[in-house]
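Peer 1: This is the structure, below, for whatever I ask next.
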Amino acid sequence: IFNFNHPDYVRPEIVDNTSGGGQRFTMDITAGRHPLLFPEPSIPNDLHQGVDLNLYLITGANMAGKSTFLRMVGLNMVLAMSGANVAATSMRLTPVALYTSMRTNDSLFTHTSFFYAELKKLSWIMDQIKSGKPVYIMLDEILKGTNSRDQHLGSAALIKNIIRYNGRGLIATHDIELTELAGRYAEQ
């Protein structure tokens, strides 16, 4: 019914990359659109993440579309892995568990500050990456509940650990200094 009600969506190609002993993640989205905004006013975007590329670090100004881009990718991944068509011209995907840290909340009831809640979530996500299971992460403005210096240092350390443990995903940030990591880890 979903596919019938969305005739402009296409059937994604699910790729089994388990030959050679481990799963090798790949994702290619051509002209992907946010499924909840399709077709207007969404802007189509491509994403090509091959087997050797760990992370995309997405930077830009407020309201540039970073969070919407992450949601476009995540929603289309969920649609594809549930057997539905996707809002894109084409999509190839290796199935993975999808984990996000995009809307963390504080809680007076559990005595958890916004920053502590985010640290707990990021720690849990790192545990999933370290487990060796095929996972894909999406992090939006990590560690935004602290000062700029600590945010930068903590985010840089987190990104290095994600690469160290062969994590895969997308990270959106305002911290342009983090792009220096792209020079040091160009292959990842």
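Every chain in the structure tokens takes a letter, A first, then B, and so on in the order presented; its residues are numbered from 1, and the ligands are numbered from 1 following the presented order.
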Write out as an NGL selection string each polymer residue whose atoms come within 10 Å of Ser42 in chain A, counting only C-alpha atoms; drop sequence neighbours fewer than 2 positions from it.
Peer 2: :A and (32-40 or 44-45 or 68-69 or 72)
Peer 1: So that I can check the secondary structure, give me every residue of range 54-133 of chain A assigned strand (DSSP E) by backbone DSSP, as a count of residues only.
Peer 2: 14
Peer 1: What lies within 10 Å of Met91 in chain A using only C-alpha atoms, ignoring chain neighbours under 6 positions off, as an mmCIF file with N, CA, C and O atoms, in the first residue's frame?
Peer 2:
```cif
data_model
loop_
_atom_site.group_PDB
_atom_site.id
_atom_site.type_symbol
_atom_site.label_atom_id
_atom_site.label_comp_id
_atom_site.auth_asym_id
_atom_site.auth_seq_id
_atom_site.Cartn_x
_atom_site.Cartn_y
_atom_site.Cartn_z
ATOM 1 N N VAL A 10 11.145 4.967 -5.652
ATOM 2 C CA VAL A 10 11.737 3.863 -6.409
ATOM 3 C C VAL A 10 12.130 2.731 -5.458
ATOM 4 O O VAL A 10 12.372 2.949 -4.271
ATOM 5 N N ARG A 11 12.219 1.546 -6.017
ATOM 6 C CA ARG A 11 12.629 0.378 -5.236
ATOM 7 C C ARG A 11 14.149 0.439 -5.043
ATOM 8 O O ARG A 11 14.900 0.511 -6.004
ATOM 9 N N PRO A 12 14.612 0.405 -3.792
ATOM 10 C CA PRO A 12 16.051 0.430 -3.540
ATOM 11 C C PRO A 12 16.682 -0.928 -3.822
ATOM 12 O O PRO A 12 16.003 -1.960 -3.797
ATOM 13 N N GLU A 13 17.976 -0.924 -4.079
ATOM 14 C CA GLU A 13 18.723 -2.165 -4.241
ATOM 15 C C GLU A 13 19.401 -2.471 -2.902
ATOM 16 O O GLU A 13 20.190 -1.676 -2.408
ATOM 17 N N ILE A 14 19.070 -3.609 -2.334
ATOM 18 C CA ILE A 14 19.688 -4.042 -1.091
ATOM 19 C C ILE A 14 20.892 -4.905 -1.455
ATOM 20 O O ILE A 14 20.765 -5.882 -2.197
ATOM 21 N N MET A 27 26.614 2.629 0.661
ATOM 22 C CA MET A 27 25.329 3.298 0.450
ATOM 23 C C MET A 27 25.506 4.330 -0.658
ATOM 24 O O MET A 27 26.438 5.128 -0.625
ATOM 25 N N ASP A 28 24.611 4.284 -1.601
ATOM 26 C CA ASP A 28 24.576 5.261 -2.691
ATOM 27 C C ASP A 28 23.146 5.747 -2.830
ATOM 28 O O ASP A 28 22.238 4.953 -3.076
ATOM 29 N N ILE A 29 22.960 7.052 -2.678
ATOM 30 C CA ILE A 29 21.648 7.668 -2.881
ATOM 31 C C ILE A 29 21.811 8.707 -3.979
ATOM 32 O O ILE A 29 22.686 9.567 -3.891
ATOM 33 N N THR A 30 20.986 8.628 -4.990
ATOM 34 C CA THR A 30 20.996 9.616 -6.064
ATOM 35 C C THR A 30 19.690 10.394 -6.005
ATOM 36 O O THR A 30 18.603 9.809 -5.993
ATOM 37 N N ALA A 31 19.811 11.713 -5.942
ATOM 38 C CA ALA A 31 18.660 12.615 -5.887
ATOM 39 C C ALA A 31 17.694 12.217 -4.771
ATOM 40 O O ALA A 31 16.480 12.165 -4.968
ATOM 41 N N GLY A 32 18.254 11.954 -3.598
ATOM 42 C CA GLY A 32 17.427 11.616 -2.445
ATOM 43 C C GLY A 32 16.667 12.839 -1.949
ATOM 44 O O GLY A 32 17.181 13.951 -1.939
ATOM 45 N N ASP A 46 22.622 13.923 -3.301
ATOM 46 C CA ASP A 46 23.274 12.631 -3.489
ATOM 47 C C ASP A 46 24.146 12.322 -2.283
ATOM 48 O O ASP A 46 24.660 13.235 -1.620
ATOM 49 N N LEU A 47 24.353 11.049 -2.035
ATOM 50 C CA LEU A 47 25.296 10.593 -1.024
ATOM 51 C C LEU A 47 25.899 9.294 -1.532
ATOM 52 O O LEU A 47 25.161 8.360 -1.847
ATOM 53 N N HIS A 48 27.205 9.250 -1.619
ATOM 54 C CA HIS A 48 27.903 8.046 -2.061
ATOM 55 C C HIS A 48 28.940 7.705 -1.002
ATOM 56 O O HIS A 48 29.936 8.407 -0.857
ATOM 57 N N ASN A 76 15.118 7.439 4.488
ATOM 58 C CA ASN A 76 15.203 6.576 3.312
ATOM 59 C C ASN A 76 15.873 5.243 3.649
ATOM 60 O O ASN A 76 15.501 4.211 3.087
ATOM 61 N N MET A 77 16.834 5.241 4.571
ATOM 62 C CA MET A 77 17.430 3.972 5.011
ATOM 63 C C MET A 77 16.375 3.097 5.682
ATOM 64 O O MET A 77 16.293 1.898 5.398
ATOM 65 N N ALA A 80 14.024 1.730 3.054
ATOM 66 C CA ALA A 80 14.665 0.686 2.248
ATOM 67 C C ALA A 80 14.781 -0.625 3.025
ATOM 68 O O ALA A 80 14.482 -1.705 2.502
ATOM 69 N N ASN A 85 9.629 1.400 -0.900
ATOM 70 C CA ASN A 85 10.325 2.234 -1.870
ATOM 71 C C ASN A 85 10.823 3.499 -1.180
ATOM 72 O O ASN A 85 10.369 3.861 -0.100
#
```
Peer 1: Tell me which protein, DNA and RNA residues are within 10 Å of range 180-188 of chain A, counting only C-alpha atoms, leaving out same-chain ones fewer than 2 positions away, and put them as a list in words.
Peer 2: Val51, Asp52, Leu53, Asn54, Leu55, Tyr56, Leu57, Ala156, Ile159, Lys160, Ile163, Arg164, Asn166, Gly167, Arg168, Ile176, Glu177 and Leu178 of chain A
Peer 1: Those residues you just picked out, can you put them in a file as a CSV table (one decimal), in the first residue's frame with N, CA, C and O atoms?
Peer 2:
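Output below, filename selection-v3.csv:
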```csv
chain,number,residue,atom,x,y,z
A,51,VAL,N,32.8,1.4,0.6
A,51,VAL,CA,33.2,0.5,1.6
A,51,VAL,C,34.3,1.0,2.5
A,51,VAL,O,34.5,0.6,3.6
A,52,ASP,N,35.1,1.9,2.0
A,52,ASP,CA,36.3,2.4,2.8
A,52,ASP,C,36.1,3.7,3.5
A,52,ASP,O,36.9,4.1,4.3
A,53,LEU,N,35.0,4.4,3.2
A,53,LEU,CA,34.8,5.7,3.8
A,53,LEU,C,33.9,5.5,5.1
A,53,LEU,O,32.8,5.1,5.1
A,54,ASN,N,34.6,6.0,6.2
A,54,ASN,CA,33.9,5.8,7.5
A,54,ASN,C,32.8,6.9,7.7
A,54,ASN,O,31.7,6.6,8.0
A,55,LEU,N,33.2,8.2,7.6
A,55,LEU,CA,32.3,9.2,8.0
A,55,LEU,C,32.3,10.4,7.0
A,55,LEU,O,33.3,10.7,6.3
A,56,TYR,N,31.1,11.0,6.9
A,56,TYR,CA,31.0,12.3,6.3
A,56,TYR,C,30.8,13.3,7.4
A,56,TYR,O,29.9,13.1,8.3
A,57,LEU,N,31.6,14.4,7.4
A,57,LEU,CA,31.4,15.4,8.4
A,57,LEU,C,30.8,16.6,7.6
A,57,LEU,O,31.3,17.1,6.6
A,156,ALA,N,36.1,16.0,18.6
A,156,ALA,CA,37.3,15.4,17.9
A,156,ALA,C,37.7,14.1,18.4
A,156,ALA,O,38.0,13.1,17.6
A,159,ILE,N,35.1,11.5,17.2
A,159,ILE,CA,35.3,11.2,15.7
A,159,ILE,C,36.5,10.2,15.6
A,159,ILE,O,36.4,9.2,14.8
A,160,LYS,N,37.6,10.5,16.3
A,160,LYS,CA,38.8,9.6,16.2
A,160,LYS,C,38.4,8.2,16.6
A,160,LYS,O,38.9,7.2,16.0
A,163,ILE,N,36.4,6.4,14.0
A,163,ILE,CA,37.2,5.9,12.9
A,163,ILE,C,38.1,4.7,13.4
A,163,ILE,O,38.2,3.7,12.7
A,164,ARG,N,38.6,4.8,14.6
A,164,ARG,CA,39.4,3.7,15.2
A,164,ARG,C,38.7,2.4,15.2
A,164,ARG,O,39.2,1.3,14.9
A,166,ASN,N,36.2,1.6,13.3
A,166,ASN,CA,35.6,1.4,11.9
A,166,ASN,C,34.1,1.7,11.9
A,166,ASN,O,33.3,1.0,11.2
A,167,GLY,N,33.7,2.7,12.6
A,167,GLY,CA,32.3,3.1,12.6
A,167,GLY,C,31.9,3.8,11.3
A,167,GLY,O,32.8,4.3,10.6
A,168,ARG,N,30.7,3.8,10.9
A,168,ARG,CA,30.2,4.4,9.7
A,168,ARG,C,29.1,5.4,10.0
A,168,ARG,O,28.2,5.1,10.9
A,176,ILE,N,33.5,24.2,12.5
A,176,ILE,CA,34.3,24.1,11.3
A,176,ILE,C,35.7,23.6,11.5
A,176,ILE,O,36.3,23.0,10.6
A,177,GLU,N,36.2,23.9,12.7
A,177,GLU,CA,37.6,23.4,13.0
A,177,GLU,C,37.7,21.9,12.9
A,177,GLU,O,38.7,21.3,12.7
A,178,LEU,N,36.6,21.2,13.1
A,178,LEU,CA,36.6,19.7,13.0
A,178,LEU,C,36.9,19.2,11.6
A,178,LEU,O,37.4,18.1,11.4
```
Peer 1: Tell me, as a list in words, which residues lie within 8 Å of range 58-64 of chain A, counting only C-alpha atoms; anything in the same chain fewer than 4 positions away does not count.
Peer 2: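 Neighbouring residues, sequence-local ones excluded: Leu170, Ile171, Ala172, Thr173, His174, Asp175 and Ile176 of chain A.
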Peer 1: State, in Å with one decimal place, the distance from CA of Ile125 in chain A to CA of Lys144 in chain A.
Peer 2: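 Rounded to one decimal, the two atoms are 16.8 Å apart.
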Peer 1: So what do you get for CA of Ser101 in chain A versus CA of Gln151 in chain A, distance-wise?
Peer 2: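 Interatomic distance here is 15.0 Å.
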Peer 1: Rank nothing, just name the residue among A:Val15, A:Leu143, A:Leu75, A:Ile137 nearest to Ala88 in chain A, using only C-alpha atoms.
Peer 2: A:Leu75
Peer 1: Of the candidates A:Ile142, A:Gly154, A:Ala117, A:Gly169, which shows the shortest atom-to-atom distance to Ile129 in chain A, using only C-alpha atoms?
Peer 2: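 So, comparing all the options, the nearest one is A:Gly169.
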Peer 1: A:Leu158, A:Val86, A:Arg24, A:Lys120: which is nearest Gly132 in chain A, counting only C-alpha atoms?
Peer 2: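 Nearest candidate to Gly132 in chain A out of A:Leu158, A:Val86, A:Arg24, A:Lys120: A:Arg24.
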Peer 1: DSSP on the backbone: which residues in range 26-171 of chain A end up as helix (DSSP H, G or I)? Give the answer as a ChimeraX atom specification.
Peer 2: /A:66-81,114-130,148-164
Peer 1: Neighbours of Val135 in chain A within 6 Å (only C-alpha atoms; same-chain residues fewer than 2 positions away dropped), as number ranges by chain?
Peer 2: A: 96-98, 133
Peer 1: Please indicate the distance in Å from CA of Phe115 in chain A to CA of Pro134 in chain A, rounded to one decimal place.
Peer 2: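 That distance, rounded to one decimal, is 27.2 Å.
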Peer 1: Smallest atom-to-atom distance to Gly50 in chain A: which of A:Leu119, A:Met126, A:Leu153, A:Leu93, using only C-alpha atoms?
Peer 2: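 Using only C-alpha atoms, the shortest distance to Gly50 in chain A belongs to A:Leu93.
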Peer 1: Out of A:Ile43, A:Asn161, A:Trp124, A:Ser148, which residue has the shortest atom-to-atom distance to Gly65 in chain A when counting only C-alpha atoms?
Peer 2: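 Checking each candidate against Gly65 in chain A, we get A:Ile43 as the closest.
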